[in-house]
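Visitor: Take this structure first; my questions come after.
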Amino acid sequence: QTALKSSGKDPYPDWKQGDPVPYAALCTTFSLIEMTTKRLIISSHCSLFLRQVLRLTPQDLLPTVLLMINKLAADYAGVELGIGESLIMKAIGETTGRSLQIIKADQAEIGDLGLVAAKSRSSQPTMFKPKALTVKGVLDGLMGIATVSGDGSQGRKVAGIKKLLSSADVALAGKGGKGVDITKDKGGASETKFIIRFLEGKLRLGLAEKTVLVALAHAMVIHETERKGNRLPNSEQLAKGEAILKTVYSELPSYEVIVPAMLEHGIFLLRENCNLQPGVPLKPMLAKPTKSITEVLDRFEGKNFTCEFKYDGERAQIHYVAEDSPQQYTSTSSSAKGRKGLSAIFSRNSEDLSKKYPDILAKVYTWIKSETKSFVLDCETVAWDTVDKKVMPFQQLMTRKRKDVKVEDVKVKVCVFAFDMLFYNGEAVVEKPLRERRELLHQAFAPVEGEFTFAQYGDTSDLEEIQTLLDESVKASCEGLMVKMLDTDESGYEPSKRSRNWLKVKKDYLTGIGDSLDLVVLGAYYGKGKRTSVYGAFLLACYNATKQTYESVCNIGTGFSEAILEELHSTLSEITIEKPKPFFLHSTVPKDQPDVWFEPRVVWEVKTADLTVSPRYKAGAEALGDASGKGISLRFPRFLKVREDKKPEQATESRMVVELYRKQENVGKDKGPSIDDDF
Ligand code: ATP
């Protein structure tokens with residue numbers, strides 16, 4: 001409702017038709033968002049602002065959206081700011097003339113560099129009023145900082161930050177005057193504060209990317225309706241616009257492509273003009289865990305399904321367009337830019353893996369049949385033993401270099417196991433049933449031993465046959481089975497969704513909780529005895545995506561070899577912080593505190609015997625609704641591997657931990673809502 005109402009008074013009187021969007025106006029919206037925790041209100045502030053952009057400066061819609069979601073470009077473009085806390089502190093010091101020591105002390109007290117910067121600037125006399133920042137100018141400035149490379153790049157990055165900061169105003173909620181407690185500055189529309197928070201990668205507004213997407217859809221629908229001279233749209237039209245944008249974004253997660261297309265064709269014709277295309281990776285479909293074959297049979301009863309081997313390698317999406325393809329596509333991916341034809345390979349996180357797998361890209365065209373001109377393929381790259389001609393364990397794959405691999409230097413060969421086709425010869429095929437997509441896949445390629453083949457499968461619903469397939473998969477060094485709906489519209493490919501139409505059955509977890517967990521390392525305890533020079537145990541957390549917090553879930557000290565402990569010590573000691581971040585939810589009892597805290601950056605895969613409720617941990621405490629604030633914890637956790645392909649925001653979510661806990665036998669009848677992490 002609020003989104004539909006115009007406020008009457010113009011909140012940005014200085015912003016005229018055609019003017020670049022003032023950055024101060026965006027910061028005002030950020031400050032309004034910061035003052036509330038209510039999702040609907042957050043969404044309506046966002047949407048009101050985007051409407052204003054559409055009305056006055058539509059050409060700035062893209063930079064506005066990017067600044068709102070704290071990104072400079074789509075993930076696959078690989079644009080990284082590449083700056084840490086210390087560089088930001090240096091820039092704040094040099095801009096404001098305050099010593100690094102004072103800035104560090106402030107940071108230890110306040111825990112938010114954005115506020116530290118605003119505080120530092122507020123105590124600085126202003127000699128002259130700098131030229132006002134614009135949204136486009138800020139984005140360009142940040143992009144400049146990200147793309148600096150080569151000798152002296154750190155110094156030039158600092159200079160870039162200083163340039164932005166010296167034009168930014170302070171505007172704290174309490175006007176930054178004397179007597180204002182800066183540590184409690186919520187709602188200050190300070191440009192300084194938001195620039196620094198952007199650089200840190202956390203706007204701390206509780207503004208999820210999903211919310212911005214919905215707000216953008218609503219703003220577009222309202223804007224288009226108003227432009228046609230109609231009254232405000234009804235909720236059906238809003239929902240239709242939202243559904244269109246969500247679907248398009250899930251297939252083509254790139255605002256750089258979508259926003260211009262939406263401005264050109266309008267939101268209701270977006271799907272016809274903009275969908276899945278080679279060169280732009282989509283987020284893969286994910287599976288739900290199960291802990292028995294009977295659970296699979298219960299879920300898929302009466303439906304046709306297929307059981308594929310679950311290979312233990314790295315998820316990959318291969319995009320290919322032949323030079324003589326009638327349709328050509330442009331990609332901003334570094335490996336594919338500016339030439340006819342295209343071949344690229346992306347990770348589960350949409351990172352460009354082309355420099356890691358040049359051997360795959362060099363061969364792709366030899367695996368296709370002559371009629372195949374373009375495709376997007378979902379597959380697993382698996383380490384391959386060329387002597388015994390069989391799959392090798394995941395650990396072998398991890399020994400491959402990640403960057404700048406030369407084909408001639410590749411020691412660990414990989415074989416591609418293809419299991420899905422998302423785009424074929426100029427057409428997105430995600431909506432077709434899996435049976436048809438699989439037929440296309442088999443038509444399009446000709447397997448080459450040790451290089452490319454199809455995932456092995458059996459289409460059966462017989463319990464014993466499934467058991468046999470499971471045993472065979474394990475004998476073939478696989479992790480178990482992926483069971484997938486085969487026909488009907490339930491078997492379409494659902495990008496970025498953890499779907500009930502794909503189930504994973506992992507051999508190792510049949511008696512446990514059904515799956516391993518991917519957890520973020522928050523802190524560590526110094527080792528004892530033989531382990532005094534390294535960390536001996538760690539505090540791990542799951543992720544609460546709604547609140548954007550990390551919730552402690554266990555301490556872990558088993559599963560590590562001495563060599564791994566040493567390696568972990570050297571990587572983790574690089575990212576220590578002085579005190580826990582405000583968005584860590586953990587025990588406050590002194591004896592439970594780790595000796596050191598880390599930036600939430602590293603994700604580990606961990607196995608557990610089962611889940612239990614514990615007063616010491618906070619995972620899912622709110623969903624559990626225990627008045628004493630108890631959370632869920634892992635019993636007998638065991639380290640399996642570092643998940644380099646997962647970002648901390650992709651760690652197991654608290655709601656998933658709650659769901660796994662509830663699924664454990666004999667725990668309550670109420671299973672609660674099923675989780676869904678689609679967009
Ligand atoms: P998730 O992807 O579910 O978050 P995860 O990354 O830890 O979890 P797993 O739980 O091991 O992965 O299971 C899903 C992964 O299995 C896929 O992302 C893919 O990399 C891999 N995989 C192997 N074989 C197949 C297959 N036949 N179909 C789909 N995925 C497969």
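Quick note on naming: the chains in the structure tokens go A, B, ... in the order shown, residues restart at 1 in each chain, and ligands are numbered from 1 in order of appearance.
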With a distance cut-off of 12 Å and only C-alpha atoms, select the neighbouring residues of A:Cys307, excluding the residue or stretch itself and same-chain residues fewer than 3 positions from it, and output the selection as a PyMOL selection string.

Guide: chain A and resi 293+296-297+300+304+310+419+455-463+465-470+472-473+480-486+501-505

Visitor: Could you please take those selected residues and save C-alpha atoms as an mmCIF file, in the first residue's frame?

Guide:
```
data_model
loop_
_atom_site.group_PDB
_atom_site.id
_atom_site.type_symbol
_atom_site.label_atom_id
_atom_site.label_comp_id
_atom_site.auth_asym_id
_atom_site.auth_seq_id
_atom_site.Cartn_x
_atom_site.Cartn_y
_atom_site.Cartn_z
ATOM 1 C CA ILE A 293 15.297 -44.222 -0.416
ATOM 2 C CA VAL A 296 12.362 -40.481 -2.118
ATOM 3 C CA LEU A 297 9.615 -42.944 -2.987
ATOM 4 C CA PHE A 300 7.776 -39.060 -5.960
ATOM 5 C CA ASN A 304 8.088 -40.764 -13.303
ATOM 6 C CA LYS A 310 25.964 -37.993 -8.175
ATOM 7 C CA PHE A 419 23.447 -33.950 -16.850
ATOM 8 C CA ALA A 455 25.854 -38.739 -16.223
ATOM 9 C CA GLN A 456 24.907 -42.390 -15.789
ATOM 10 C CA TYR A 457 21.283 -42.986 -14.839
ATOM 11 C CA GLY A 458 18.457 -45.444 -14.398
ATOM 12 C CA ASP A 459 14.771 -44.609 -14.762
ATOM 13 C CA THR A 460 13.176 -46.774 -12.135
ATOM 14 C CA SER A 461 10.847 -46.490 -9.186
ATOM 15 C CA ASP A 462 11.628 -49.918 -7.790
ATOM 16 C CA LEU A 463 13.166 -49.784 -4.324
ATOM 17 C CA GLU A 465 16.707 -51.298 -8.307
ATOM 18 C CA ILE A 466 17.329 -47.885 -6.772
ATOM 19 C CA GLN A 467 19.362 -49.531 -4.028
ATOM 20 C CA THR A 468 21.419 -51.325 -6.690
ATOM 21 C CA LEU A 469 22.001 -48.049 -8.559
ATOM 22 C CA LEU A 470 23.097 -46.442 -5.310
ATOM 23 C CA GLU A 472 26.892 -49.016 -8.236
ATOM 24 C CA SER A 473 27.288 -45.253 -7.971
ATOM 25 C CA GLY A 480 25.260 -41.321 -4.223
ATOM 26 C CA LEU A 481 22.301 -40.465 -6.422
ATOM 27 C CA MET A 482 20.463 -37.404 -7.650
ATOM 28 C CA VAL A 483 16.826 -38.342 -8.065
ATOM 29 C CA LYS A 484 14.912 -36.071 -10.432
ATOM 30 C CA MET A 485 11.356 -35.663 -11.641
ATOM 31 C CA LEU A 486 11.341 -36.680 -15.287
ATOM 32 C CA ASN A 501 11.853 -31.959 -7.717
ATOM 33 C CA TRP A 502 15.517 -32.829 -7.302
ATOM 34 C CA LEU A 503 16.486 -34.969 -4.331
ATOM 35 C CA LYS A 504 19.988 -35.970 -3.308
ATOM 36 C CA VAL A 505 20.629 -39.330 -1.677
#
```

Visitor: Please return, as a PDB file with C-alpha atoms, in the first residue's frame, all residues of stretch 301-488 of chain A that DSSP assigns to strand (DSSP E) on the basis of the backbone.

Guide:
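Result saved to result-v6.pdb:
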```pdb
ATOM      1  CA  PHE A 305      11.549 -40.031 -12.050  1.00  0.00           C
ATOM      2  CA  THR A 306      15.153 -40.802 -12.813  1.00  0.00           C
ATOM      3  CA  CYS A 307      18.135 -41.662 -10.609  1.00  0.00           C
ATOM      4  CA  GLU A 308      21.425 -40.199 -11.824  1.00  0.00           C
ATOM      5  CA  PHE A 309      24.857 -40.859 -10.382  1.00  0.00           C
ATOM      6  CA  LYS A 310      25.964 -37.993  -8.175  1.00  0.00           C
ATOM      7  CA  GLU A 314      32.861 -29.209  -9.258  1.00  0.00           C
ATOM      8  CA  ARG A 315      29.551 -27.917 -10.623  1.00  0.00           C
ATOM      9  CA  ALA A 316      30.074 -26.187 -13.927  1.00  0.00           C
ATOM     10  CA  GLN A 317      28.044 -24.467 -16.597  1.00  0.00           C
ATOM     11  CA  ILE A 318      29.512 -24.511 -20.066  1.00  0.00           C
ATOM     12  CA  HIS A 319      28.348 -21.843 -22.521  1.00  0.00           C
ATOM     13  CA  TYR A 320      29.123 -22.229 -26.194  1.00  0.00           C
ATOM     14  CA  VAL A 321      28.272 -20.468 -29.422  1.00  0.00           C
ATOM     15  CA  LEU A 342      31.884 -17.869 -27.521  1.00  0.00           C
ATOM     16  CA  SER A 343      33.027 -20.531 -25.118  1.00  0.00           C
ATOM     17  CA  ALA A 344      33.112 -20.043 -21.394  1.00  0.00           C
ATOM     18  CA  ILE A 345      32.760 -22.075 -18.254  1.00  0.00           C
ATOM     19  CA  PHE A 346      31.228 -20.796 -15.021  1.00  0.00           C
ATOM     20  CA  SER A 374      24.936 -23.072 -29.392  1.00  0.00           C
ATOM     21  CA  PHE A 375      24.234 -24.440 -25.933  1.00  0.00           C
ATOM     22  CA  VAL A 376      24.325 -23.929 -22.181  1.00  0.00           C
ATOM     23  CA  LEU A 377      25.171 -27.127 -20.388  1.00  0.00           C
ATOM     24  CA  ASP A 378      24.885 -28.055 -16.701  1.00  0.00           C
ATOM     25  CA  CYS A 379      27.544 -30.533 -15.660  1.00  0.00           C
ATOM     26  CA  GLU A 380      30.116 -31.691 -13.128  1.00  0.00           C
ATOM     27  CA  THR A 381      33.856 -31.582 -13.802  1.00  0.00           C
ATOM     28  CA  VAL A 382      35.500 -34.585 -12.179  1.00  0.00           C
ATOM     29  CA  ALA A 383      39.165 -35.522 -11.772  1.00  0.00           C
ATOM     30  CA  TRP A 384      39.959 -38.407 -14.146  1.00  0.00           C
ATOM     31  CA  ASP A 385      42.485 -41.186 -13.801  1.00  0.00           C
ATOM     32  CA  LYS A 390      38.040 -43.970 -13.822  1.00  0.00           C
ATOM     33  CA  VAL A 391      36.834 -41.135 -11.663  1.00  0.00           C
ATOM     34  CA  VAL A 414      39.163 -33.730 -15.829  1.00  0.00           C
ATOM     35  CA  CYS A 415      36.224 -35.406 -17.450  1.00  0.00           C
ATOM     36  CA  VAL A 416      32.952 -33.528 -17.919  1.00  0.00           C
ATOM     37  CA  PHE A 417      29.846 -35.437 -16.794  1.00  0.00           C
ATOM     38  CA  ALA A 418      26.886 -33.677 -18.421  1.00  0.00           C
ATOM     39  CA  PHE A 419      23.447 -33.950 -16.850  1.00  0.00           C
ATOM     40  CA  ASP A 420      21.310 -31.106 -18.163  1.00  0.00           C
ATOM     41  CA  MET A 421      20.765 -28.852 -21.147  1.00  0.00           C
ATOM     42  CA  LEU A 422      19.443 -25.342 -20.508  1.00  0.00           C
ATOM     43  CA  PHE A 423      19.773 -23.701 -23.900  1.00  0.00           C
ATOM     44  CA  TYR A 424      20.104 -25.297 -27.300  1.00  0.00           C
ATOM     45  CA  GLU A 427      16.440 -21.404 -27.705  1.00  0.00           C
ATOM     46  CA  ALA A 428      16.098 -21.547 -23.906  1.00  0.00           C
ATOM     47  CA  PHE A 452      33.144 -35.812 -21.990  1.00  0.00           C
ATOM     48  CA  THR A 453      30.290 -38.135 -21.169  1.00  0.00           C
ATOM     49  CA  PHE A 454      26.709 -38.179 -19.872  1.00  0.00           C
ATOM     50  CA  TYR A 457      21.283 -42.986 -14.839  1.00  0.00           C
ATOM     51  CA  GLY A 458      18.457 -45.444 -14.398  1.00  0.00           C
ATOM     52  CA  GLY A 480      25.260 -41.321  -4.223  1.00  0.00           C
ATOM     53  CA  LEU A 481      22.301 -40.465  -6.422  1.00  0.00           C
ATOM     54  CA  MET A 482      20.463 -37.404  -7.650  1.00  0.00           C
ATOM     55  CA  VAL A 483      16.826 -38.342  -8.065  1.00  0.00           C
ATOM     56  CA  LYS A 484      14.912 -36.071 -10.432  1.00  0.00           C
ATOM     57  CA  MET A 485      11.356 -35.663 -11.641  1.00  0.00           C
TER      58      MET A 485
END
```

Visitor: Considering only C-alpha atoms and all ligand atoms, state which residue in the set A:Leu539, A:Val135, A:Cys274, A:Met285 is at the smallest distance from ligand 1.

Guide: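 Nearest candidate to ligand 1 out of A:Leu539, A:Val135, A:Cys274, A:Met285: A:Met285.
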
Visitor: Could you tell me how far atom CA of A:Asp151 lies from atom CA of A:Gly82, in Å and to one decimal?

Guide: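 Those two atoms sit 14.3 Å apart.
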
Visitor: If you count only C-alpha atoms, which residues fall within 10 Å of A:Ser167, apart from same-chain ones fewer than 2 positions away, as a list of chain:residue names?

Guide: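 In the requested format, the answer is A:Lys129, A:Pro130, A:Lys131, A:Ala132, A:Leu133, A:Val138, A:Lys162, A:Lys163, A:Leu164, A:Leu165, A:Asp169, A:Val170, A:Glu191, A:Thr192.
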
Visitor: Within 7 Å of stretch 609-625 of chain A, counting only C-alpha atoms, which residues show up once you throw out same-chain ones fewer than 6 positions away? Write them as a PyMOL selection string, please.

Guide: chain A and resi 512-513+542+551-554+585-587+631-637+654-655+657-658+661

Visitor: Write to file, as a short mmCIF file (atom, residue, chain, number, x, y, z; two decimals), in the first residue's frame, the residues of the selection just made, with C-alpha atoms.

Guide:
```
data_model
loop_
_atom_site.label_atom_id
_atom_site.label_comp_id
_atom_site.auth_asym_id
_atom_site.auth_seq_id
_atom_site.Cartn_x
_atom_site.Cartn_y
_atom_site.Cartn_z
CA GLY A 512 22.45 -39.35 9.73
CA ILE A 513 20.60 -36.16 8.92
CA CYS A 542 25.18 -21.03 9.72
CA GLU A 551 24.35 -17.86 14.00
CA SER A 552 26.77 -20.06 15.93
CA VAL A 553 26.12 -23.76 15.50
CA CYS A 554 29.05 -25.76 16.87
CA LEU A 585 24.95 -14.24 17.00
CA HIS A 586 26.82 -16.32 19.54
CA SER A 587 26.98 -17.17 23.22
CA GLY A 631 19.63 -22.86 19.31
CA ILE A 632 20.45 -25.97 17.34
CA SER A 633 23.87 -27.53 17.45
CA LEU A 634 25.79 -30.25 15.62
CA ARG A 635 26.75 -33.36 17.61
CA PHE A 636 30.18 -34.86 16.85
CA PRO A 637 30.90 -32.51 13.93
CA SER A 654 19.50 -21.39 9.73
CA ARG A 655 16.07 -22.32 8.42
CA VAL A 657 19.27 -26.36 9.99
CA VAL A 658 15.86 -26.10 11.65
CA TYR A 661 16.49 -30.88 12.92
#
```

Visitor: Find the residues around A:Ala117 up to 12 Å (only C-alpha atoms counted), leave out those fewer than 4 positions away in its own chain, and share them as a PyMOL selection string.

Guide: chain A and resi 85+88-98+100+102-104+106-107+110-113+121-124+161-162+165-166+168-172+176+182-183+190-197+199

Visitor: Point out the residue among A:Thr386, A:Ser516, A:Thr588, A:Thr134 with the least atom-to-atom distance to ligand 1, counting only C-alpha atoms and all ligand atoms.

Guide: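 When distances to ligand 1 are compared using only C-alpha atoms and all ligand atoms, the smallest one comes from A:Ser516.
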
Visitor: Write out as an mmCIF file with C-alpha atoms, in the first residue's frame all residues of stretch 265-497 of chain A that DSSP puts in helix (DSSP H, G or I) for this structure's backbone.

Guide:
```cif
data_model
loop_
_atom_site.group_PDB
_atom_site.id
_atom_site.type_symbol
_atom_site.label_atom_id
_atom_site.label_comp_id
_atom_site.auth_asym_id
_atom_site.auth_seq_id
_atom_site.Cartn_x
_atom_site.Cartn_y
_atom_site.Cartn_z
ATOM 1 C CA HIS A 265 10.238 -2.824 -24.027
ATOM 2 C CA ILE A 267 8.112 -4.874 -17.953
ATOM 3 C CA PHE A 268 5.159 -6.788 -19.391
ATOM 4 C CA LEU A 269 7.047 -7.576 -22.595
ATOM 5 C CA LEU A 270 10.328 -8.284 -20.850
ATOM 6 C CA ARG A 271 10.108 -12.072 -21.041
ATOM 7 C CA GLU A 272 9.650 -11.986 -24.830
ATOM 8 C CA ASN A 273 12.672 -9.731 -25.239
ATOM 9 C CA ILE A 293 15.297 -44.222 -0.416
ATOM 10 C CA THR A 294 11.819 -44.625 1.044
ATOM 11 C CA GLU A 295 11.681 -40.871 1.605
ATOM 12 C CA VAL A 296 12.362 -40.481 -2.118
ATOM 13 C CA LEU A 297 9.615 -42.944 -2.987
ATOM 14 C CA ASP A 298 7.154 -41.121 -0.718
ATOM 15 C CA ARG A 299 7.938 -37.819 -2.372
ATOM 16 C CA PHE A 300 7.776 -39.060 -5.960
ATOM 17 C CA PRO A 358 41.354 -24.014 -20.562
ATOM 18 C CA ASP A 359 41.689 -27.754 -21.329
ATOM 19 C CA ILE A 360 37.896 -28.099 -21.365
ATOM 20 C CA LEU A 361 37.364 -25.027 -23.503
ATOM 21 C CA ALA A 362 39.996 -26.166 -25.965
ATOM 22 C CA LYS A 363 38.075 -29.397 -26.530
ATOM 23 C CA VAL A 364 34.396 -28.416 -26.327
ATOM 24 C CA TYR A 365 33.914 -28.137 -30.049
ATOM 25 C CA THR A 366 35.213 -31.698 -30.555
ATOM 26 C CA TRP A 367 32.409 -33.153 -28.418
ATOM 27 C CA PHE A 394 37.283 -34.687 -5.221
ATOM 28 C CA GLN A 395 40.549 -33.966 -3.352
ATOM 29 C CA GLN A 396 42.474 -34.574 -6.583
ATOM 30 C CA LEU A 397 40.467 -31.924 -8.380
ATOM 31 C CA MET A 398 41.234 -29.448 -5.627
ATOM 32 C CA VAL A 407 46.719 -26.475 -21.176
ATOM 33 C CA GLU A 408 50.185 -28.023 -21.487
ATOM 34 C CA ASP A 409 50.776 -27.818 -17.710
ATOM 35 C CA LEU A 434 13.718 -33.181 -18.097
ATOM 36 C CA ARG A 435 13.067 -36.145 -20.417
ATOM 37 C CA GLU A 436 13.091 -33.787 -23.418
ATOM 38 C CA ARG A 437 16.088 -31.831 -22.196
ATOM 39 C CA ARG A 438 17.965 -35.091 -21.752
ATOM 40 C CA GLU A 439 17.073 -36.166 -25.294
ATOM 41 C CA LEU A 440 18.448 -32.885 -26.598
ATOM 42 C CA LEU A 441 21.598 -33.386 -24.568
ATOM 43 C CA HIS A 442 22.156 -36.842 -26.013
ATOM 44 C CA GLN A 443 21.423 -35.616 -29.522
ATOM 45 C CA ALA A 444 23.770 -32.665 -29.279
ATOM 46 C CA LEU A 463 13.166 -49.784 -4.324
ATOM 47 C CA GLU A 464 15.606 -52.627 -4.942
ATOM 48 C CA GLU A 465 16.707 -51.298 -8.307
ATOM 49 C CA ILE A 466 17.329 -47.885 -6.772
ATOM 50 C CA GLN A 467 19.362 -49.531 -4.028
ATOM 51 C CA THR A 468 21.419 -51.325 -6.690
ATOM 52 C CA LEU A 469 22.001 -48.049 -8.559
ATOM 53 C CA LEU A 470 23.097 -46.442 -5.310
ATOM 54 C CA ASP A 471 25.605 -49.235 -4.668
ATOM 55 C CA GLU A 472 26.892 -49.016 -8.236
ATOM 56 C CA SER A 473 27.288 -45.253 -7.971
ATOM 57 C CA VAL A 474 29.382 -45.631 -4.843
ATOM 58 C CA LYS A 475 31.522 -48.306 -6.498
ATOM 59 C CA ASP A 489 5.808 -29.406 -15.838
ATOM 60 C CA GLU A 490 7.227 -30.294 -12.427
ATOM 61 C CA SER A 491 10.381 -31.456 -14.163
#
```

Visitor: Select from stretch 243-350 of chain A every residue with an atom at most 10 Å from any atom of stretch 45-58 of chain A, then for each give the shortest pair of atoms and their distance in Å to one decimal, using only C-alpha atoms, rows by chain and rising number, as JSON lines.

Guide:
```
{"residue": "A:Val259", "atom": "CA", "partner": "A:Pro58", "partner_atom": "CA", "distance": 9.9}
{"residue": "A:Pro260", "atom": "CA", "partner": "A:Pro58", "partner_atom": "CA", "distance": 9.6}
{"residue": "A:Leu263", "atom": "CA", "partner": "A:Pro58", "partner_atom": "CA", "distance": 7.8}
```

Visitor: Can you work out which one of A:Val79, A:Ala541, A:Val534, A:Ile69 has the shortest atom-to-atom distance to A:Ser570, counting only C-alpha atoms?

Guide: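 The shortest atom-to-atom distance to A:Ser570 comes from A:Val534.
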